[in-house]
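Source file: work_7.txt (compact mmCIF, C-alpha atoms)
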# COMPACT_ATOMS: atom_id res chain seq x y z
CA MET A 10 -9.19 12.39 0.58
CA THR A 11 -8.41 15.01 -2.01
CA ASN A 12 -7.32 14.83 -5.59
CA HIS A 13 -4.23 16.83 -4.63
CA GLY A 14 -2.71 14.12 -2.49
CA PRO A 15 -3.20 11.63 0.26
CA GLU A 16 -4.37 12.60 3.71
CA ALA A 17 -2.76 11.10 6.77
CA PHE A 18 -4.63 8.39 8.67
CA SER A 19 -3.99 6.29 11.75
CA THR A 20 -4.73 2.80 12.95
CA GLU A 21 -4.44 1.38 16.44
CA ARG A 22 -0.62 1.22 16.35
CA LEU A 23 0.41 2.96 13.13
CA ASP A 24 0.45 6.48 11.74
CA ALA A 25 0.26 6.61 7.94
CA THR A 26 1.66 9.90 6.67
CA PRO A 27 2.11 11.01 3.07
CA LEU A 28 5.35 9.63 1.67
CA ARG A 29 8.02 12.21 0.84
CA ALA A 30 11.45 11.94 -0.76
CA ALA A 31 12.86 12.82 2.67
CA HIS A 32 11.68 9.41 3.93
CA ALA A 33 14.05 7.60 1.54
CA GLU A 34 16.99 7.39 3.93
CA GLU A 35 15.07 5.62 6.70
CA MET A 36 13.05 3.55 4.23
CA ALA A 37 16.20 2.31 2.46
CA THR A 38 17.06 0.49 5.69
CA VAL A 39 13.48 -0.76 6.19
CA LEU A 40 13.39 -2.17 2.64
CA ALA A 41 16.97 -3.50 2.47
CA ASP A 42 16.14 -7.21 2.77
CA PRO A 43 16.20 -8.98 -0.65
CA ALA A 44 13.54 -11.40 0.68
CA LEU A 45 10.99 -8.57 0.29
CA HIS A 46 11.28 -9.12 -3.48
CA THR A 47 10.62 -12.87 -3.49
CA TYR A 48 7.18 -12.54 -5.10
CA THR A 49 7.53 -9.21 -6.89
CA GLY A 50 10.97 -9.52 -8.40
CA GLY A 51 13.74 -6.99 -8.41
CA ALA A 52 16.10 -6.12 -5.61
CA PRO A 53 16.39 -3.49 -2.90
CA GLU A 54 17.11 -0.03 -4.26
CA ASP A 55 20.06 2.01 -3.07
CA LEU A 56 19.37 5.34 -1.39
CA ASP A 57 19.70 7.45 -4.56
CA ALA A 58 17.35 5.22 -6.57
CA LEU A 59 14.81 5.11 -3.74
CA ARG A 60 14.95 8.90 -3.32
CA ALA A 61 14.41 9.34 -7.07
CA ARG A 62 11.42 6.97 -7.01
CA TYR A 63 9.90 8.73 -4.01
CA THR A 64 10.38 12.08 -5.76
CA ARG A 65 8.44 10.74 -8.78
CA TRP A 66 5.70 9.37 -6.53
CA GLU A 67 5.53 12.66 -4.65
CA SER A 68 5.15 14.54 -7.95
CA GLY A 69 2.13 12.41 -8.81
CA SER A 70 0.86 10.65 -11.87
CA PRO A 71 1.38 12.28 -15.25
CA ASP A 72 -2.20 11.21 -16.05
CA PRO A 73 -4.58 13.80 -14.54
CA ALA A 74 -7.30 11.12 -14.25
CA GLU A 75 -5.09 8.97 -12.01
CA HIS A 76 -3.75 9.77 -8.54
CA TRP A 77 -0.78 8.20 -6.82
CA TRP A 78 -1.30 8.18 -3.07
CA ASN A 79 1.56 6.79 -0.99
CA TRP A 80 2.04 6.68 2.76
CA VAL A 81 4.88 5.63 5.04
CA LEU A 82 3.90 3.67 8.13
CA ARG A 83 5.31 4.83 11.45
CA VAL A 84 5.00 2.57 14.48
CA ARG A 85 3.66 4.87 17.17
CA ALA A 86 5.31 2.92 20.04
CA ASP A 87 8.88 3.54 18.86
CA GLY A 88 8.54 6.27 16.22
CA ARG A 89 10.25 4.19 13.53
CA LEU A 90 9.12 3.62 9.97
CA ALA A 91 8.11 0.02 9.26
CA GLY A 92 6.88 0.08 5.66
CA TRP A 93 4.50 1.75 3.24
CA VAL A 94 1.07 1.46 1.67
CA GLN A 95 -0.11 2.90 -1.62
CA ALA A 96 -3.19 3.41 -3.71
CA THR A 97 -3.39 4.22 -7.39
CA VAL A 98 -6.78 5.85 -7.71
CA ALA A 99 -8.65 6.27 -11.00
CA GLY A 100 -12.26 7.33 -10.63
CA PRO A 101 -14.06 5.09 -8.15
CA ARG A 102 -11.37 2.37 -8.22
CA ALA A 103 -8.18 2.10 -6.18
CA GLU A 104 -5.44 -0.46 -6.70
CA ILE A 105 -3.53 -0.94 -3.47
CA ALA A 106 -0.24 -2.44 -2.35
CA TRP A 107 1.71 -2.71 0.89
CA VAL A 108 5.22 -3.58 2.04
CA ILE A 109 6.30 -4.13 5.63
CA GLY A 110 10.00 -4.43 6.39
CA THR A 111 11.19 -7.89 7.42
CA ARG A 112 11.97 -6.77 10.98
CA TRP A 113 8.31 -5.80 11.50
CA GLN A 114 6.69 -8.80 9.84
CA GLY A 115 4.66 -11.25 11.89
CA LEU A 116 3.39 -8.52 14.22
CA GLY A 117 0.12 -7.83 12.41
CA TYR A 118 1.24 -4.48 10.99
CA ALA A 119 0.50 -5.41 7.36
CA LYS A 120 -3.06 -6.50 8.19
CA GLU A 121 -3.61 -3.40 10.30
CA ALA A 122 -2.17 -1.07 7.65
CA ALA A 123 -4.08 -2.63 4.74
CA ALA A 124 -7.37 -2.67 6.64
CA GLY A 125 -6.78 0.93 7.69
CA LEU A 126 -5.97 1.93 4.11
CA VAL A 127 -9.10 0.27 2.71
CA ALA A 128 -11.29 1.88 5.38
CA HIS A 129 -9.65 5.26 4.72
CA LEU A 130 -10.17 5.02 0.97
CA LEU A 131 -13.80 3.89 1.21
CA ALA A 132 -14.64 6.51 3.85
CA GLY A 133 -13.53 9.28 1.47
CA GLY A 134 -16.67 8.76 -0.63
CA THR A 135 -14.91 8.69 -3.99
CA VAL A 136 -13.47 5.17 -4.02
CA HIS A 137 -15.99 2.32 -4.18
CA THR A 138 -13.79 -0.57 -5.39
CA VAL A 139 -10.43 -1.60 -3.97
CA VAL A 140 -8.23 -4.12 -5.78
CA ALA A 141 -4.97 -5.82 -4.84
CA HIS A 142 -2.83 -8.11 -7.01
CA ILE A 143 -1.33 -11.02 -5.09
CA HIS A 144 1.03 -13.80 -6.15
CA PRO A 145 -0.77 -17.15 -5.66
CA ASP A 146 2.04 -18.52 -3.48
CA HIS A 147 2.21 -15.47 -1.21
CA THR A 148 0.02 -16.75 1.62
CA ALA A 149 0.93 -13.88 3.96
CA SER A 150 -0.31 -11.26 1.46
CA SER A 151 -3.46 -13.30 0.83
CA ALA A 152 -4.14 -13.21 4.58
CA VAL A 153 -3.53 -9.44 4.61
CA ALA A 154 -5.97 -8.91 1.74
CA ALA A 155 -8.61 -11.04 3.46
CA ALA A 156 -8.14 -9.09 6.71
CA ALA A 157 -8.78 -5.89 4.73
CA GLY A 158 -12.08 -7.31 3.46
CA LEU A 159 -10.91 -8.18 -0.05
CA VAL A 160 -11.93 -11.47 -1.63
CA PRO A 161 -10.12 -13.43 -4.35
CA THR A 162 -11.57 -13.24 -7.84
CA ASP A 163 -11.13 -15.44 -10.91
CA GLU A 164 -9.21 -12.58 -12.58
CA TRP A 165 -5.46 -12.77 -13.11
CA GLU A 166 -2.89 -10.25 -14.29
CA ASP A 167 0.83 -10.92 -14.76
CA GLY A 168 0.58 -14.19 -12.81
CA GLU A 169 -1.14 -12.56 -9.85
CA ARG A 170 -4.71 -13.06 -8.66
CA ARG A 171 -6.88 -10.00 -8.26
CA TRP A 172 -8.51 -9.56 -4.89
CA ARG A 173 -11.41 -7.11 -4.69
CA ARG A 174 -13.72 -5.31 -2.32
CA THR A 175 -16.62 -3.26 -3.61
CA ASP A 176 -18.69 -1.00 -1.40
CA VAL A 177 -21.31 0.89 -3.40
CA THR A 178 -22.34 2.93 -0.38
CA SER A 179 -20.89 3.37 3.06
CA GLY A 180 -21.58 0.26 5.06
CA ALA A 181 -22.54 -1.81 1.99
CA ALA A 182 -21.89 -5.52 1.85
CA ARG A 183 -18.50 -6.73 0.70
CA PRO A 184 -18.94 -9.13 -2.20
Transcribe the structure of this file into structure tokens.
Amino acid sequence: MTNHGPEAFSTERLDATPLRAAHAEEMATVLADPALHTYTGGAPEDLDALRARYTRWESGSPDPAEHWWNWVLRVRADGRLAGWVQATVAGPRAEIAWVIGTRWQGLGYAKEAAAGLVAHLLAGGTVHTVVAHIHPDHTASSAVAAAAGLVPTDEWEDGERRWRRTDVTSGAARP
């Protein structure tokens, strides 16, 4: 992992490659289902809005102490994009999120991608704490966080519970 941008990583069935504005067209279809916004609010973005957002993400954070790392998830078996994962990294802490398109849900891709992302971040040696914010009613995302080794905390932000994994050294216990 570098401060200049995310490095690609792979899991058993997925290739996570750095997100680019050029991915917007395929991702607009992946993310078109309004149900994806049930717990986060908002609505699917049209192609132009999604391309503009991806361009901002690709440019990086305006804060030099914070890094925006975003990856698209390509299913190796069919070569199609199925979603994305992201990490906002500030010092030794990364806040992560994931979205898997409705068509690919229920196949274990979210768990695989989140676990792969957490392992990738912790293996880089810079990140020691990974945090996700999950709506209390979103049982699927809670299961994804648990599969990635995160545990629920008593901390809340904007109606979402913080889930956390801290590894002080490689191979350390996960409180």
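Atom to atom, atom CA of Gly133 of chain A and atom CA of Glu169 of chain A stand 27.5 Å apart.
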Seminar exercise, completed: Across A:Gly14, A:Ala41, A:Ala58, A:Gly115, the smallest distance to Ala96 of chain A, with only C-alpha atoms counted, is shown by A:Gly14
Problem set entry | Pick from A:Leu40, A:His32, A:Leu131, A:Val94 nearest to Ala52 of chain A, counting all atoms listed in the file |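 Result for the nearest residue to Ala52 of chain A: A:Leu40.
Interatomic distance, atom CA of Ala128 of chain A against atom CA of Thr49 of chain A: 25.1 Å.
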Problem set entry | Who sits within 9 Å of Ala99 of chain A, all atoms listed in the file, same chain under 2 positions skipped, as number ranges by chain | A: 74-76, 97, 101-104, 136
For this session: Find, counting all atoms listed in the file, the residue in A:His144, A:Arg85, A:His46, A:Arg60 that gets nearest to Ala33 of chain A.
Result: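 Ranking A:His144, A:Arg85, A:His46, A:Arg60 by distance to Ala33 of chain A, first place goes to A:Arg60.
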Exercise. What separation in Å, quoted to one decimal, exists between atom CA of Leu59 of chain A and atom CA of Ala30 of chain A?
Worked result: 8.2 Å
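Nearest residue to His142 of chain A, choosing from A:Ile105, A:Ala155, A:Ala122, A:Leu130 and counting only C-alpha atoms: A:Ile105.
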Problem set entry | Residue among A:Ile109, A:Ala124, A:Val177, A:Leu159 lying closest to Ala44 of chain A, counting only C-alpha atoms |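 Of the candidates, the smallest distance to Ala44 of chain A is held by A:Ile109.
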Report as a tab-separated table: every residue of segment 85-172 of chain A with an atom at most 8 Å from segment 36-39 of chain A, its closest pair of atoms, and their distance in Å to one decimal, counting all atoms listed in the file, with rows sorted by chain and ascending residue number.
residue	atom	partner	partner_atom	distance
A:Leu90	CA	A:Met36	CA	7.0
A:Ala91	CA	A:Val39	CA	6.2
A:Gly92	CA	A:Val39	CA	6.7
A:Ile109	CA	A:Val39	CA	8.0
A:Gly110	CA	A:Val39	CA	5.1
A:Thr111	CA	A:Val39	CA	7.6
A:Arg112	CA	A:Val39	CA	7.8
Problem set entry | Distance criterion (all atoms listed in the file): nearest to Ala152 of chain A out of A:Ala106, A:Leu56, A:Val127, A:Ala119 |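 Nearest to Ala152 of chain A: A:Ala119.
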Problem set entry | All residues 9 Å or closer to Trp66 of chain A, only C-alpha atoms, same chain fewer than 3 positions away omitted, as number ranges by chain | A: 28-30, 61-63, 69-70, 77-79
For this session: With a distance cut-off of 7 Å and all atoms listed in the file, select the neighbouring residues of Pro27 of chain A, excluding the residue or stretch itself and same-chain residues fewer than 5 positions from it, and output the selection as a ChimeraX atom specification.
Result: /A:15-17,79-81
Exercise. Can you tell me, as a list in words, what residues are no more than 7 Å from Val160 of chain A when counting all atoms listed in the file, ignoring any on the same chain fewer than 3 positions away?
Worked result: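 After dropping sequence-adjacent residues, the list is Ala155, Trp172, Arg173 and Arg174 of chain A.
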